[in-house]
file entry_8.cif (mmCIF, C-alpha atoms and all ligand atoms)
data_model
#
loop_
_atom_site.label_atom_id
_atom_site.label_comp_id
_atom_site.auth_asym_id
_atom_site.auth_seq_id
_atom_site.Cartn_x
_atom_site.Cartn_y
_atom_site.Cartn_z
CA MET S 1 0.00 0.00 0.00
CA ALA S 2 2.78 2.38 0.96
CA ASP S 3 4.14 2.32 -2.60
CA LEU S 4 0.73 3.06 -4.07
CA LEU S 5 0.41 6.14 -1.90
CA LYS S 6 3.72 7.67 -2.98
CA LYS S 7 2.12 10.42 -5.03
CA ALA S 8 5.46 12.13 -5.44
CA THR S 9 6.60 9.29 -7.72
CA LYS S 10 3.95 9.98 -10.32
CA PRO S 11 4.18 7.61 -13.28
CA GLU S 12 3.87 8.97 -16.80
CA VAL S 13 0.13 9.40 -17.32
CA HIS S 14 -1.25 9.15 -20.86
CA ARG S 15 -4.48 11.09 -20.62
CA GLY S 16 -6.89 10.13 -23.36
CA LEU S 17 -4.39 7.33 -24.19
CA GLU S 18 -2.90 9.78 -26.67
CA GLY S 19 -0.12 8.16 -28.66
CA VAL S 20 -0.35 4.89 -26.68
CA VAL S 21 0.05 1.77 -28.83
CA VAL S 22 -1.96 -1.01 -27.19
CA ASP S 23 -1.85 -3.73 -29.83
CA GLU S 24 -1.05 -4.67 -33.40
CA THR S 25 -3.65 -4.70 -36.19
CA GLU S 26 -3.75 -5.67 -39.84
CA LEU S 27 -7.06 -3.94 -40.48
CA SER S 28 -6.24 -0.30 -41.11
CA VAL S 29 -3.39 2.17 -40.91
CA ILE S 30 -3.47 5.96 -40.80
CA ASP S 31 -0.61 8.32 -41.60
CA GLY S 32 -1.87 11.44 -39.91
CA SER S 33 0.99 13.63 -41.09
CA VAL S 34 0.15 13.30 -44.79
CA GLY S 35 -3.51 12.27 -44.56
CA GLU S 36 -3.40 8.68 -45.75
CA LEU S 37 -5.68 5.80 -44.81
CA ARG S 38 -5.43 2.18 -45.92
CA TYR S 39 -7.51 -0.90 -45.13
CA HIS S 40 -5.29 -4.00 -45.24
CA GLY S 41 -2.84 -2.07 -47.38
CA TYR S 42 -5.43 -0.82 -49.91
CA ARG S 43 -5.60 2.94 -50.28
CA ILE S 44 -8.99 4.29 -49.22
CA GLU S 45 -9.19 6.19 -52.53
CA ASP S 46 -8.84 2.92 -54.48
CA LEU S 47 -11.42 1.12 -52.37
CA ALA S 48 -13.81 4.06 -52.75
CA ARG S 49 -13.35 4.08 -56.51
CA HIS S 50 -13.33 0.36 -57.27
CA ALA S 51 -14.90 -1.68 -54.45
CA ASP S 52 -18.35 -1.82 -52.91
CA PHE S 53 -19.26 -1.93 -49.22
CA GLU S 54 -19.81 -5.69 -49.18
CA GLU S 55 -16.29 -6.22 -50.60
CA VAL S 56 -14.85 -3.97 -47.92
CA LEU S 57 -16.69 -5.86 -45.17
CA TYR S 58 -15.27 -9.07 -46.57
CA LEU S 59 -11.80 -7.55 -46.59
CA LEU S 60 -12.10 -6.42 -42.96
CA TRP S 61 -13.43 -9.76 -41.76
CA HIS S 62 -11.42 -12.19 -43.88
CA GLY S 63 -8.20 -10.29 -44.56
CA HIS S 64 -8.37 -10.34 -48.36
CA LEU S 65 -10.63 -9.01 -51.11
CA PRO S 66 -13.11 -11.65 -52.30
CA ASP S 67 -12.95 -13.29 -55.73
CA ASP S 68 -16.20 -13.58 -57.70
CA ASP S 69 -17.39 -16.76 -55.98
CA GLU S 70 -16.50 -15.53 -52.51
CA TYR S 71 -18.19 -12.20 -53.22
CA GLU S 72 -21.41 -13.78 -54.46
CA ALA S 73 -21.66 -16.16 -51.53
CA PHE S 74 -20.93 -13.36 -49.07
CA ALA S 75 -23.34 -10.83 -50.59
CA GLU S 76 -26.05 -13.49 -50.71
CA ALA S 77 -25.45 -14.47 -47.08
CA MET S 78 -25.60 -10.79 -46.04
CA ALA S 79 -28.80 -10.16 -48.01
CA SER S 80 -30.44 -13.28 -46.54
CA GLU S 81 -29.87 -11.97 -43.01
CA ARG S 82 -31.60 -8.59 -43.48
CA THR S 83 -35.02 -9.50 -42.12
CA ILE S 84 -35.87 -8.69 -38.50
CA GLY S 85 -38.46 -10.31 -36.25
CA ASP S 86 -41.83 -8.88 -35.15
CA ASP S 87 -40.55 -8.36 -31.60
CA VAL S 88 -37.81 -6.02 -32.86
CA LEU S 89 -40.28 -4.25 -35.18
CA GLN S 90 -42.70 -3.72 -32.29
CA THR S 91 -39.93 -2.27 -30.15
CA ALA S 92 -38.87 0.00 -33.02
CA GLU S 93 -42.47 1.23 -33.21
CA LEU S 94 -42.63 1.85 -29.46
CA LEU S 95 -39.34 3.76 -29.53
CA ALA S 96 -40.50 5.82 -32.50
CA LYS S 97 -43.78 6.65 -30.76
CA SER S 98 -41.94 7.72 -27.62
CA ASP S 99 -39.83 10.08 -29.73
CA GLU S 100 -36.55 8.34 -28.91
CA GLU S 101 -33.38 9.71 -30.53
CA PRO S 102 -32.39 7.47 -33.47
CA MET S 103 -28.96 6.70 -32.04
CA ALA S 104 -30.50 5.66 -28.70
CA ALA S 105 -33.12 3.62 -30.54
CA LEU S 106 -30.35 1.90 -32.50
CA ARG S 107 -28.50 1.08 -29.28
CA THR S 108 -31.65 -0.56 -27.84
CA LEU S 109 -32.52 -2.40 -31.04
CA VAL S 110 -29.01 -3.76 -31.65
CA SER S 111 -29.02 -5.10 -28.12
CA MET S 112 -32.44 -6.66 -28.68
CA LEU S 113 -31.34 -8.43 -31.88
CA SER S 114 -29.39 -10.91 -29.78
CA SER S 115 -32.59 -12.48 -28.41
CA SER S 116 -33.51 -13.83 -31.85
CA ASP S 117 -29.98 -14.75 -32.95
CA PRO S 118 -29.96 -18.51 -33.62
CA GLU S 119 -26.51 -18.69 -32.03
CA SER S 120 -27.20 -16.49 -29.02
CA ASP S 121 -26.03 -19.31 -26.75
CA ALA S 122 -22.79 -19.93 -28.63
CA ASP S 123 -19.59 -20.03 -26.62
CA PRO S 124 -18.16 -16.47 -26.71
CA GLU S 125 -14.78 -18.04 -27.51
CA ASP S 126 -16.24 -19.54 -30.71
CA MET S 127 -14.84 -17.10 -33.26
CA ASP S 128 -16.75 -18.60 -36.21
CA ALA S 129 -20.01 -18.02 -34.38
CA ALA S 130 -18.88 -14.49 -33.47
CA LEU S 131 -18.25 -13.76 -37.16
CA ARG S 132 -21.69 -15.07 -38.14
CA LYS S 133 -23.30 -13.00 -35.39
CA GLY S 134 -21.36 -9.93 -36.52
CA ARG S 135 -22.58 -10.52 -40.06
CA ARG S 136 -26.19 -10.77 -38.86
CA ILE S 137 -25.92 -7.55 -36.85
CA THR S 138 -24.37 -5.75 -39.84
CA ALA S 139 -27.04 -7.06 -42.22
CA LYS S 140 -29.91 -6.07 -39.89
CA ILE S 141 -28.85 -2.58 -38.78
CA PRO S 142 -30.19 -0.91 -41.96
CA THR S 143 -33.51 -2.72 -41.53
CA VAL S 144 -33.99 -1.65 -37.90
CA LEU S 145 -33.03 1.93 -38.68
CA ALA S 146 -35.30 2.25 -41.69
CA ALA S 147 -38.18 0.65 -39.75
CA PHE S 148 -37.68 3.09 -36.87
CA ASP S 149 -37.62 6.05 -39.25
CA ARG S 150 -40.74 4.96 -41.09
CA TYR S 151 -42.66 4.35 -37.86
CA ARG S 152 -41.86 7.84 -36.61
CA ASN S 153 -43.15 9.21 -39.90
CA GLY S 154 -46.40 7.28 -39.48
CA GLU S 155 -45.47 4.77 -42.21
CA GLU S 156 -45.22 1.00 -42.17
CA PRO S 157 -41.73 -0.49 -42.55
CA LEU S 158 -40.78 -2.08 -45.83
CA ASP S 159 -39.36 -5.55 -46.26
CA PRO S 160 -35.71 -5.55 -47.34
CA ARG S 161 -35.05 -6.33 -51.00
CA ASP S 162 -32.44 -8.97 -51.63
CA ASP S 163 -31.96 -7.87 -55.25
CA LEU S 164 -30.35 -4.61 -54.03
CA GLY S 165 -26.92 -4.11 -52.47
CA HIS S 166 -26.49 -3.10 -48.82
CA ALA S 167 -26.42 0.65 -49.58
CA ALA S 168 -29.21 0.78 -52.18
CA ASN S 169 -31.47 -1.47 -50.09
CA PHE S 170 -31.18 0.88 -47.11
CA LEU S 171 -32.10 3.92 -49.20
CA TYR S 172 -35.02 1.96 -50.64
CA MET S 173 -36.27 0.86 -47.19
CA LEU S 174 -36.01 4.45 -45.97
CA SER S 175 -37.89 6.23 -48.76
CA GLY S 176 -39.85 3.43 -50.45
CA GLU S 177 -38.20 4.31 -53.74
CA GLU S 178 -35.34 2.53 -55.41
CA PRO S 179 -32.46 5.05 -55.42
CA ASP S 180 -30.90 6.12 -58.70
CA ASP S 181 -27.38 4.87 -59.41
CA VAL S 182 -25.75 8.16 -58.40
CA ALA S 183 -27.36 8.22 -54.95
CA ALA S 184 -26.75 4.50 -54.39
CA ASP S 185 -23.09 4.80 -55.42
CA ILE S 186 -22.41 7.88 -53.29
CA PHE S 187 -24.03 6.24 -50.29
CA ASP S 188 -22.10 3.03 -50.87
CA VAL S 189 -18.81 4.97 -50.96
CA ALA S 190 -19.80 6.82 -47.77
CA LEU S 191 -20.21 3.41 -46.09
CA ILE S 192 -16.79 2.31 -47.36
CA LEU S 193 -15.15 5.48 -46.04
CA HIS S 194 -16.58 5.08 -42.53
CA ALA S 195 -15.99 1.34 -42.14
CA ASP S 196 -12.73 1.35 -40.21
CA HIS S 197 -10.26 3.75 -38.66
CA GLY S 198 -7.74 2.13 -36.35
CA LEU S 199 -8.44 2.24 -32.64
CA ASN S 200 -10.90 5.12 -32.63
CA ALA S 201 -12.95 5.49 -29.43
CA SER S 202 -15.88 3.28 -30.45
CA THR S 203 -13.69 0.52 -31.88
CA PHE S 204 -11.53 0.52 -28.77
CA THR S 205 -14.73 0.33 -26.71
CA THR S 206 -15.83 -2.81 -28.55
CA MET S 207 -12.40 -4.34 -27.94
CA VAL S 208 -12.53 -3.56 -24.21
CA VAL S 209 -15.96 -5.18 -23.93
CA SER S 210 -15.07 -8.28 -25.90
CA SER S 211 -11.72 -8.66 -24.11
CA THR S 212 -13.80 -9.87 -21.11
CA TYR S 213 -15.31 -12.52 -23.42
CA ALA S 214 -18.66 -10.77 -23.37
CA ASP S 215 -20.28 -11.70 -26.68
CA ILE S 216 -20.28 -9.53 -29.77
CA TYR S 217 -23.78 -8.09 -29.16
CA ASN S 218 -22.46 -6.53 -25.96
CA ALA S 219 -19.48 -5.16 -27.84
CA VAL S 220 -21.46 -3.67 -30.74
CA THR S 221 -24.08 -2.21 -28.41
CA ALA S 222 -21.28 -0.50 -26.48
CA GLY S 223 -19.73 0.63 -29.76
CA VAL S 224 -22.98 2.36 -30.73
CA GLY S 225 -22.92 4.09 -27.34
CA ALA S 226 -19.37 5.34 -27.82
CA LEU S 227 -19.99 6.50 -31.38
CA ALA S 228 -22.98 8.60 -30.32
CA GLY S 229 -20.93 11.33 -28.65
CA HIS S 230 -20.34 14.78 -30.16
CA TRP S 231 -16.59 14.34 -30.15
CA HIS S 232 -16.87 11.18 -32.24
CA GLY S 233 -19.59 10.01 -34.67
CA GLY S 234 -22.18 12.44 -33.31
CA ALA S 235 -20.24 15.26 -34.94
CA ASN S 236 -21.74 14.61 -38.40
CA GLN S 237 -25.20 15.62 -37.21
CA ASP S 238 -23.70 18.64 -35.42
CA VAL S 239 -22.00 19.71 -38.65
CA MET S 240 -25.27 19.93 -40.55
CA GLU S 241 -27.02 21.68 -37.67
CA THR S 242 -24.13 24.14 -37.57
CA LEU S 243 -24.39 24.81 -41.32
CA ILE S 244 -28.11 25.45 -40.88
CA GLU S 245 -27.35 27.80 -37.97
CA LEU S 246 -24.87 29.61 -40.20
CA ASP S 247 -27.46 29.83 -42.99
CA GLU S 248 -30.13 31.20 -40.66
CA SER S 249 -27.72 33.76 -39.21
CA GLY S 250 -27.62 35.49 -42.60
CA GLN S 251 -23.93 36.23 -41.89
CA ASP S 252 -21.05 35.83 -44.27
CA PRO S 253 -19.62 32.34 -43.54
CA ILE S 254 -16.13 33.69 -42.81
CA ASP S 255 -17.50 36.26 -40.33
CA TRP S 256 -19.66 33.57 -38.77
CA VAL S 257 -16.83 31.12 -38.23
CA GLU S 258 -14.50 33.87 -37.00
CA ASP S 259 -17.09 34.87 -34.38
CA ALA S 260 -17.64 31.23 -33.41
CA ILE S 261 -13.91 30.66 -32.88
CA ASN S 262 -13.56 33.92 -30.94
CA GLU S 263 -16.41 32.78 -28.69
CA GLY S 264 -14.33 29.65 -27.96
CA ARG S 265 -16.66 27.28 -29.81
CA ARG S 266 -15.43 24.00 -31.24
CA ILE S 267 -16.43 23.73 -34.86
CA PRO S 268 -17.90 20.26 -35.45
CA GLY S 269 -16.17 18.30 -38.19
CA PHE S 270 -12.75 19.86 -37.48
CA GLY S 271 -9.80 18.52 -35.54
CA HIS S 272 -8.64 14.98 -35.05
CA ARG S 273 -6.52 12.98 -32.63
CA VAL S 274 -4.49 11.38 -35.43
CA TYR S 275 -4.65 13.65 -38.49
CA ASP S 276 -2.61 16.84 -38.58
CA VAL S 277 -3.88 17.53 -42.09
CA LYS S 278 -7.16 17.15 -43.95
CA ASP S 279 -8.73 13.71 -43.53
CA PRO S 280 -8.50 11.81 -46.87
CA ARG S 281 -12.11 10.70 -46.42
CA ALA S 282 -13.20 14.33 -46.22
CA LYS S 283 -11.54 14.98 -49.59
CA ILE S 284 -13.62 12.27 -51.26
CA LEU S 285 -16.84 13.39 -49.58
CA GLU S 286 -16.12 17.00 -50.52
CA GLU S 287 -16.09 15.98 -54.19
CA PHE S 288 -19.47 14.30 -53.76
CA SER S 289 -20.84 17.34 -52.00
CA GLU S 290 -19.74 19.50 -54.93
CA ASP S 291 -21.16 17.07 -57.53
CA LEU S 292 -24.52 16.98 -55.76
CA ALA S 293 -24.57 20.78 -55.51
CA VAL S 294 -23.89 21.12 -59.25
CA GLU S 295 -26.51 18.50 -60.07
CA SER S 296 -29.22 20.13 -57.95
CA GLY S 297 -28.24 23.72 -58.72
CA GLU S 298 -28.19 24.46 -54.96
CA PRO S 299 -24.59 25.40 -54.09
CA ARG S 300 -25.34 26.79 -50.62
CA TRP S 301 -24.24 23.88 -48.41
CA TYR S 302 -21.15 23.08 -50.40
CA ASP S 303 -20.18 26.77 -50.45
CA TYR S 304 -20.58 27.11 -46.68
CA THR S 305 -18.36 24.10 -46.04
CA THR S 306 -15.59 25.30 -48.32
CA SER S 307 -15.69 28.82 -46.83
CA VAL S 308 -15.47 27.51 -43.28
CA GLU S 309 -12.64 25.19 -44.27
CA GLU S 310 -10.84 27.98 -46.10
CA TYR S 311 -10.94 30.13 -42.99
CA LEU S 312 -9.96 27.45 -40.48
CA LEU S 313 -7.37 25.71 -42.60
CA ASP S 314 -5.92 28.40 -44.79
CA GLU S 315 -6.46 31.71 -43.01
CA ARG S 316 -6.18 30.61 -39.42
CA GLY S 317 -3.57 28.03 -40.30
CA LEU S 318 -3.00 24.65 -38.74
CA GLY S 319 -1.23 25.99 -35.68
CA GLU S 320 0.49 23.66 -33.28
CA LYS S 321 -2.37 21.16 -33.36
CA GLY S 322 -4.07 21.26 -36.72
CA ILE S 323 -7.78 21.71 -37.00
CA ALA S 324 -8.34 20.47 -40.50
CA PRO S 325 -11.66 18.94 -41.60
CA ASN S 326 -12.32 15.37 -40.52
CA VAL S 327 -14.64 12.81 -42.15
CA ASP S 328 -17.71 14.26 -40.42
CA PHE S 329 -17.36 17.69 -41.98
CA TYR S 330 -18.38 16.75 -45.51
CA SER S 331 -20.56 13.71 -44.82
CA GLY S 332 -23.20 16.02 -43.33
CA SER S 333 -23.74 18.05 -46.49
CA VAL S 334 -23.60 14.92 -48.66
CA TYR S 335 -26.31 13.14 -46.65
CA TYR S 336 -28.36 16.36 -46.54
CA GLN S 337 -28.26 16.64 -50.30
CA LEU S 338 -29.29 12.98 -50.57
CA GLY S 339 -32.39 13.91 -48.55
CA ILE S 340 -31.51 11.82 -45.49
CA PRO S 341 -32.94 13.08 -42.14
CA ILE S 342 -30.22 14.83 -40.13
CA ASP S 343 -30.62 12.72 -37.00
CA LEU S 344 -29.93 9.56 -38.99
CA TYR S 345 -26.39 10.63 -39.91
CA THR S 346 -24.75 9.14 -36.83
CA PRO S 347 -26.76 5.88 -36.99
CA ILE S 348 -25.63 5.64 -40.63
CA PHE S 349 -22.05 5.97 -39.41
CA ALA S 350 -22.76 3.01 -37.09
CA MET S 351 -24.25 1.08 -40.01
CA SER S 352 -20.82 1.27 -41.63
CA ARG S 353 -18.47 1.22 -38.61
CA VAL S 354 -19.99 -2.03 -37.40
CA GLY S 355 -17.74 -3.58 -40.07
CA GLY S 356 -14.63 -2.29 -38.29
CA TRP S 357 -15.99 -3.13 -34.83
CA VAL S 358 -16.60 -6.75 -35.80
CA GLY S 359 -13.25 -6.98 -37.60
CA HIS S 360 -11.28 -5.64 -34.64
CA VAL S 361 -13.14 -7.79 -32.12
CA LEU S 362 -12.38 -10.91 -34.16
CA GLU S 363 -8.76 -9.92 -34.67
CA TYR S 364 -8.25 -9.11 -30.99
CA GLN S 365 -10.00 -12.20 -29.70
CA ALA S 366 -7.85 -14.46 -31.86
CA ASP S 367 -5.18 -13.74 -29.22
CA ASN S 368 -7.28 -12.28 -26.43
CA ARG S 369 -5.92 -10.47 -23.42
CA LEU S 370 -8.09 -8.63 -20.90
CA ILE S 371 -7.84 -4.86 -21.40
CA ARG S 372 -7.31 -3.34 -18.00
CA PRO S 373 -5.19 -0.18 -17.64
CA ARG S 374 -4.44 1.61 -14.39
CA ALA S 375 -4.84 5.12 -13.00
CA HIS S 376 -2.47 7.07 -10.76
CA TYR S 377 -4.23 7.50 -7.40
CA THR S 378 -4.47 11.11 -6.15
CA GLY S 379 -7.03 10.76 -3.34
CA PRO S 380 -6.44 11.02 0.43
CA ASP S 381 -3.82 8.69 1.94
CA HIS S 382 -5.88 7.66 4.93
CA GLN S 383 -9.22 8.61 6.47
CA ASP S 384 -10.73 7.33 9.73
CA PHE S 385 -14.22 5.99 9.14
CA VAL S 386 -16.93 8.06 10.85
CA PRO S 387 -20.44 6.54 11.21
CA ARG S 388 -23.06 8.37 9.12
CA SER S 389 -24.90 9.73 12.16
CA ASP S 390 -21.68 11.45 13.35
CA ARG S 391 -20.63 13.02 10.03
C1 LIG S 401 -15.25 10.35 -36.76
C2 LIG S 401 -14.60 11.14 -35.74
O1 LIG S 401 -14.70 10.81 -34.59
S1 LIG S 401 -13.72 12.47 -36.24
C3 LIG S 401 -13.86 13.63 -34.88
C4 LIG S 401 -15.27 14.14 -34.80
N1 LIG S 401 -15.42 15.16 -33.76
C5 LIG S 401 -15.52 16.46 -34.05
O2 LIG S 401 -15.48 16.87 -35.20
C6 LIG S 401 -15.75 17.37 -32.87
C7 LIG S 401 -14.84 18.60 -32.96
N2 LIG S 401 -13.47 18.21 -32.74
C8 LIG S 401 -12.97 18.02 -31.48
O3 LIG S 401 -13.65 18.22 -30.48
C9 LIG S 401 -11.51 17.55 -31.34
O4 LIG S 401 -10.78 17.96 -32.46
C10 LIG S 401 -11.40 16.04 -31.17
C11 LIG S 401 -12.20 15.62 -29.92
C12 LIG S 401 -11.94 15.30 -32.38
C13 LIG S 401 -9.93 15.64 -31.01
O5 LIG S 401 -9.50 16.09 -29.80
P1 LIG S 401 -7.99 16.01 -29.25
O6 LIG S 401 -7.14 15.19 -30.09
O7 LIG S 401 -8.10 15.64 -27.82
O8 LIG S 401 -7.51 17.48 -29.42
P2 LIG S 401 -7.70 18.66 -28.35
O9 LIG S 401 -9.10 18.63 -27.82
O10 LIG S 401 -6.60 18.53 -27.36
O11 LIG S 401 -7.52 19.91 -29.27
C14 LIG S 401 -6.29 20.58 -29.47
C15 LIG S 401 -6.56 22.08 -29.65
O12 LIG S 401 -7.31 22.29 -30.84
C16 LIG S 401 -8.56 22.91 -30.53
N3 LIG S 401 -9.59 22.28 -31.33
C17 LIG S 401 -9.70 20.95 -31.59
N4 LIG S 401 -10.79 20.74 -32.34
C18 LIG S 401 -11.35 21.96 -32.55
C19 LIG S 401 -12.48 22.36 -33.26
N5 LIG S 401 -13.26 21.48 -33.88
N6 LIG S 401 -12.80 23.67 -33.29
C20 LIG S 401 -12.00 24.57 -32.66
N7 LIG S 401 -10.90 24.22 -31.97
C21 LIG S 401 -10.59 22.93 -31.92
C22 LIG S 401 -8.80 22.60 -29.05
O13 LIG S 401 -9.64 23.55 -28.44
C23 LIG S 401 -7.39 22.63 -28.51
O14 LIG S 401 -7.00 23.97 -28.36
P3 LIG S 401 -6.11 24.42 -27.09
O15 LIG S 401 -4.84 23.61 -27.21
O16 LIG S 401 -5.96 25.87 -27.29
O17 LIG S 401 -6.92 24.02 -25.90
O1 LIG S 402 -10.09 7.79 -35.56
C1 LIG S 402 -10.72 8.54 -34.80
O2 LIG S 402 -10.34 8.86 -33.65
C2 LIG S 402 -12.00 9.14 -35.23
C3 LIG S 402 -12.33 8.87 -36.65
O3 LIG S 402 -11.94 9.58 -37.55
C4 LIG S 402 -13.09 7.68 -36.95
O4 LIG S 402 -13.44 6.93 -36.03
O5 LIG S 402 -13.39 7.45 -38.14
#
call {"tool": "encode", "arguments": {"input": "entry_8.cif", "output": "structure tokens"}}
result
Amino acid sequence: MADLLKKATKPEVHRGLEGVVVDETELSVIDGSVGELRYHGYRIEDLARHADFEEVLYLLWHGHLPDDDEYEAFAEAMASERTIGDDVLQTAELLAKSDEEPMAALRTLVSMLSSSDPESDADPEDMDAALRKGRRITAKIPTVLAAFDRYRNGEEPLDPRDDLGHAANFLYMLSGEEPDDVAADIFDVALILHADHGLNASTFTTMVVSSTYADIYNAVTAGVGALAGHWHGGANQDVMETLIELDESGQDPIDWVEDAINEGRRIPGFGHRVYDVKDPRAKILEEFSEDLAVESGEPRWYDYTTSVEEYLLDERGLGEKGIAPNVDFYSGSVYYQLGIPIDLYTPIFAMSRVGGWVGHVLEYQADNRLIRPRAHYTGPDHQDFVPRSDR
């Protein structure tokens, strides 16, 4: 005990685990100094251009890109798992009627999916079962989200269509209309871009949970919880709300952002723990945002984003700790222009990131070790206990 109380000998404390390397991974690598991201060695730009989301899921879960046969079998297995039971639908309806936030509804519904999983009793050390469960969760998230959204709009949910890919089927279940190729492709790329990103907070959360051998439903449910926060996935919704605030202010965007910074506000969609420069995913989404603006003839949202970026990145400069745009900055205006409700942006992030969560859980559990760091104690050395009535 005496040693523990020697506060003078303070160990090096890594607040926020900044820069701490806790494990090895083959899934993704980020070079934050030049803005590069690769999944299993493939540049994110190449995956965005040439792959689809199902291929990327396969890559993250199996370690290689699928050939034609592997792809077909995988896409078919994913599509066959999209349906959800009546109990989950009824809960989605109840949550919608009680005006639950979509991200909170998703957390509840993902947790509930385990009750109807045919392998819910599988040994948590059975990695094949964990992969199949992860695949089921991933296949069903779009269905639960679309059902929730339709219920809150007073509409009945639609059955998933197995003739559409993961991205197009979600857009169909949401609106009731088959999306055109442009919308389906942009949405598919958005899913690819958000699928994995090293040991971000939500992925690390899933690893902590599964390191106790709690099953993958616990891990993914916790991942949804961690992603919800404004400093992580929740920022994409904040970005769009901020752009709307800017629009309603009637101010010039540069004046607006200058005032916001002078008031000490954090601008959502800027700053990153790993990137010192612009996030490569933001570059791709920015192009989509511009394309959609040109196509619709409504440049407002794209123009606001570029003005804010110009001020923060170019005029204000990167400073000691860069505040360049992260992935959330441009996804907001892309989803907005695709007509997706603003409070679904973060659940959509989860719809994609579940691929990384499952991949990292499987990778970590292949050589599991309980995650259990320590804290430097700074409380009182000793206190005599006083009964409550005498305090
Ligand atoms: C998918 C993702 O999760 S991407 C991140 C999404 N989150 C956001 O976009 C929310 C806005 N951004 C932020 O809050 C932060 O940049 C984080 C949480 C993402 C990263 O935080 P950290 O790595 O801990 O950086 P930290 O908070 O120490 O910031 C360093 C400095 O930059 C400033 N800064 C960081 N982000 C911003 C921002 N968005 N707007 C204004 N200033 C910022 C901080 O105030 C701090 O300044 P100081 O040193 O004068 O106090
Ligand atoms: O890596 C991070 O800390 C946040 C992020 O960009 C992501 O999770 O995609």
call {"tool": "residues_around", "arguments": {"input": "entry_8.cif", "residues": "range 129-140 of chain S", "least_positions_apart": "5", "cutoff": "7 Å", "atoms": "all atoms listed in the file", "output": "ChimeraX atom specification"}}
result
/S:78-79,81-84,119,122,216,351,354-355,358
call {"tool": "residues_near_ligand", "arguments": {"input": "entry_8.cif", "ligand": "ligand LIG 402 (chain S)", "cutoff": "8 Å", "atoms": "only C-alpha atoms and all ligand atoms", "output": "list in words"}}
result
His194, Ala195, Asp196, His197, Gly198, Leu199, Asn200, Ala201, Ser202, Thr203, His232, Gly233, His272, Arg273, Val274, Asp279, Asn326, Val327 and Asp328 of chain S
call {"tool": "write_last_selection", "arguments": {"input": "entry_8.cif", "atoms": "C-alpha atoms", "output": "compact mmCIF listing (two decimals), keeping the file's coordinate frame"}}
result
# COMPACT_ATOMS: atom_id res chain seq x y z
CA HIS S 194 -16.58 5.08 -42.53
CA ALA S 195 -15.99 1.34 -42.14
CA ASP S 196 -12.73 1.35 -40.21
CA HIS S 197 -10.26 3.75 -38.66
CA GLY S 198 -7.74 2.13 -36.35
CA LEU S 199 -8.44 2.24 -32.64
CA ASN S 200 -10.90 5.12 -32.63
CA ALA S 201 -12.95 5.49 -29.43
CA SER S 202 -15.88 3.28 -30.45
CA THR S 203 -13.69 0.52 -31.88
CA HIS S 232 -16.87 11.18 -32.24
CA GLY S 233 -19.59 10.01 -34.67
CA HIS S 272 -8.64 14.98 -35.05
CA ARG S 273 -6.52 12.98 -32.63
CA VAL S 274 -4.49 11.38 -35.43
CA ASP S 279 -8.73 13.71 -43.53
CA ASN S 326 -12.32 15.37 -40.52
CA VAL S 327 -14.64 12.81 -42.15
CA ASP S 328 -17.71 14.26 -40.42
call {"tool": "atom_distance", "arguments": {"input": "entry_8.cif", "atom1": "CA of Glu55 in chain S", "atom2": "CA of Asp185 in chain S"}}
result
13.8 Å
call {"tool": "closest_residue", "arguments": {"input": "entry_8.cif", "among": "S:Asp23, S:Asp238, S:Glu93, S:Asp31", "to": "ligand LIG 401 (chain S)", "atoms": "all atoms listed in the file"}}
result
S:Asp238
call {"tool": "axis_aligned_box", "arguments": {"input": "entry_8.cif", "around": "ligand LIG 401 (chain S)", "padding_each_side": "5 Å", "output": "JSON"}}
result
{"center_x": -10.3, "center_y": 18.1, "center_z": -31.3, "size_x": 20.9, "size_y": 25.5, "size_z": 20.9}
call {"tool": "atom_distance", "arguments": {"input": "entry_8.cif", "atom1": "CA of Thr346 in chain S", "atom2": "atom C1 of ligand LIG 401 (chain S)"}}
result
9.6 Å
call {"tool": "closest_residue", "arguments": {"input": "entry_8.cif", "among": "S:Asn368, S:Gln90, S:Gln383, S:Asn153", "to": "Ser211 in chain S", "atoms": "only C-alpha atoms"}}
result
S:Asn368
call {"tool": "atom_distance", "arguments": {"input": "entry_8.cif", "atom1": "CA of Leu57 in chain S", "atom2": "CA of Ser116 in chain S"}}
result
22.9 Å
call {"tool": "residues_around", "arguments": {"input": "entry_8.cif", "residues": "Arg374 in chain S", "least_positions_apart": "4", "cutoff": "12 Å", "atoms": "only C-alpha atoms", "output": "PyMOL selection string"}}
result
chain S and resi 4+11-15+17
call {"tool": "residues_around", "arguments": {"input": "entry_8.cif", "residues": "range 218-229 of chain S", "least_positions_apart": "4", "cutoff": "6 Å", "atoms": "all atoms listed in the file", "output": "PyMOL selection string"}}
result
chain S and resi 107+111+202+205-206+209-210+233-234
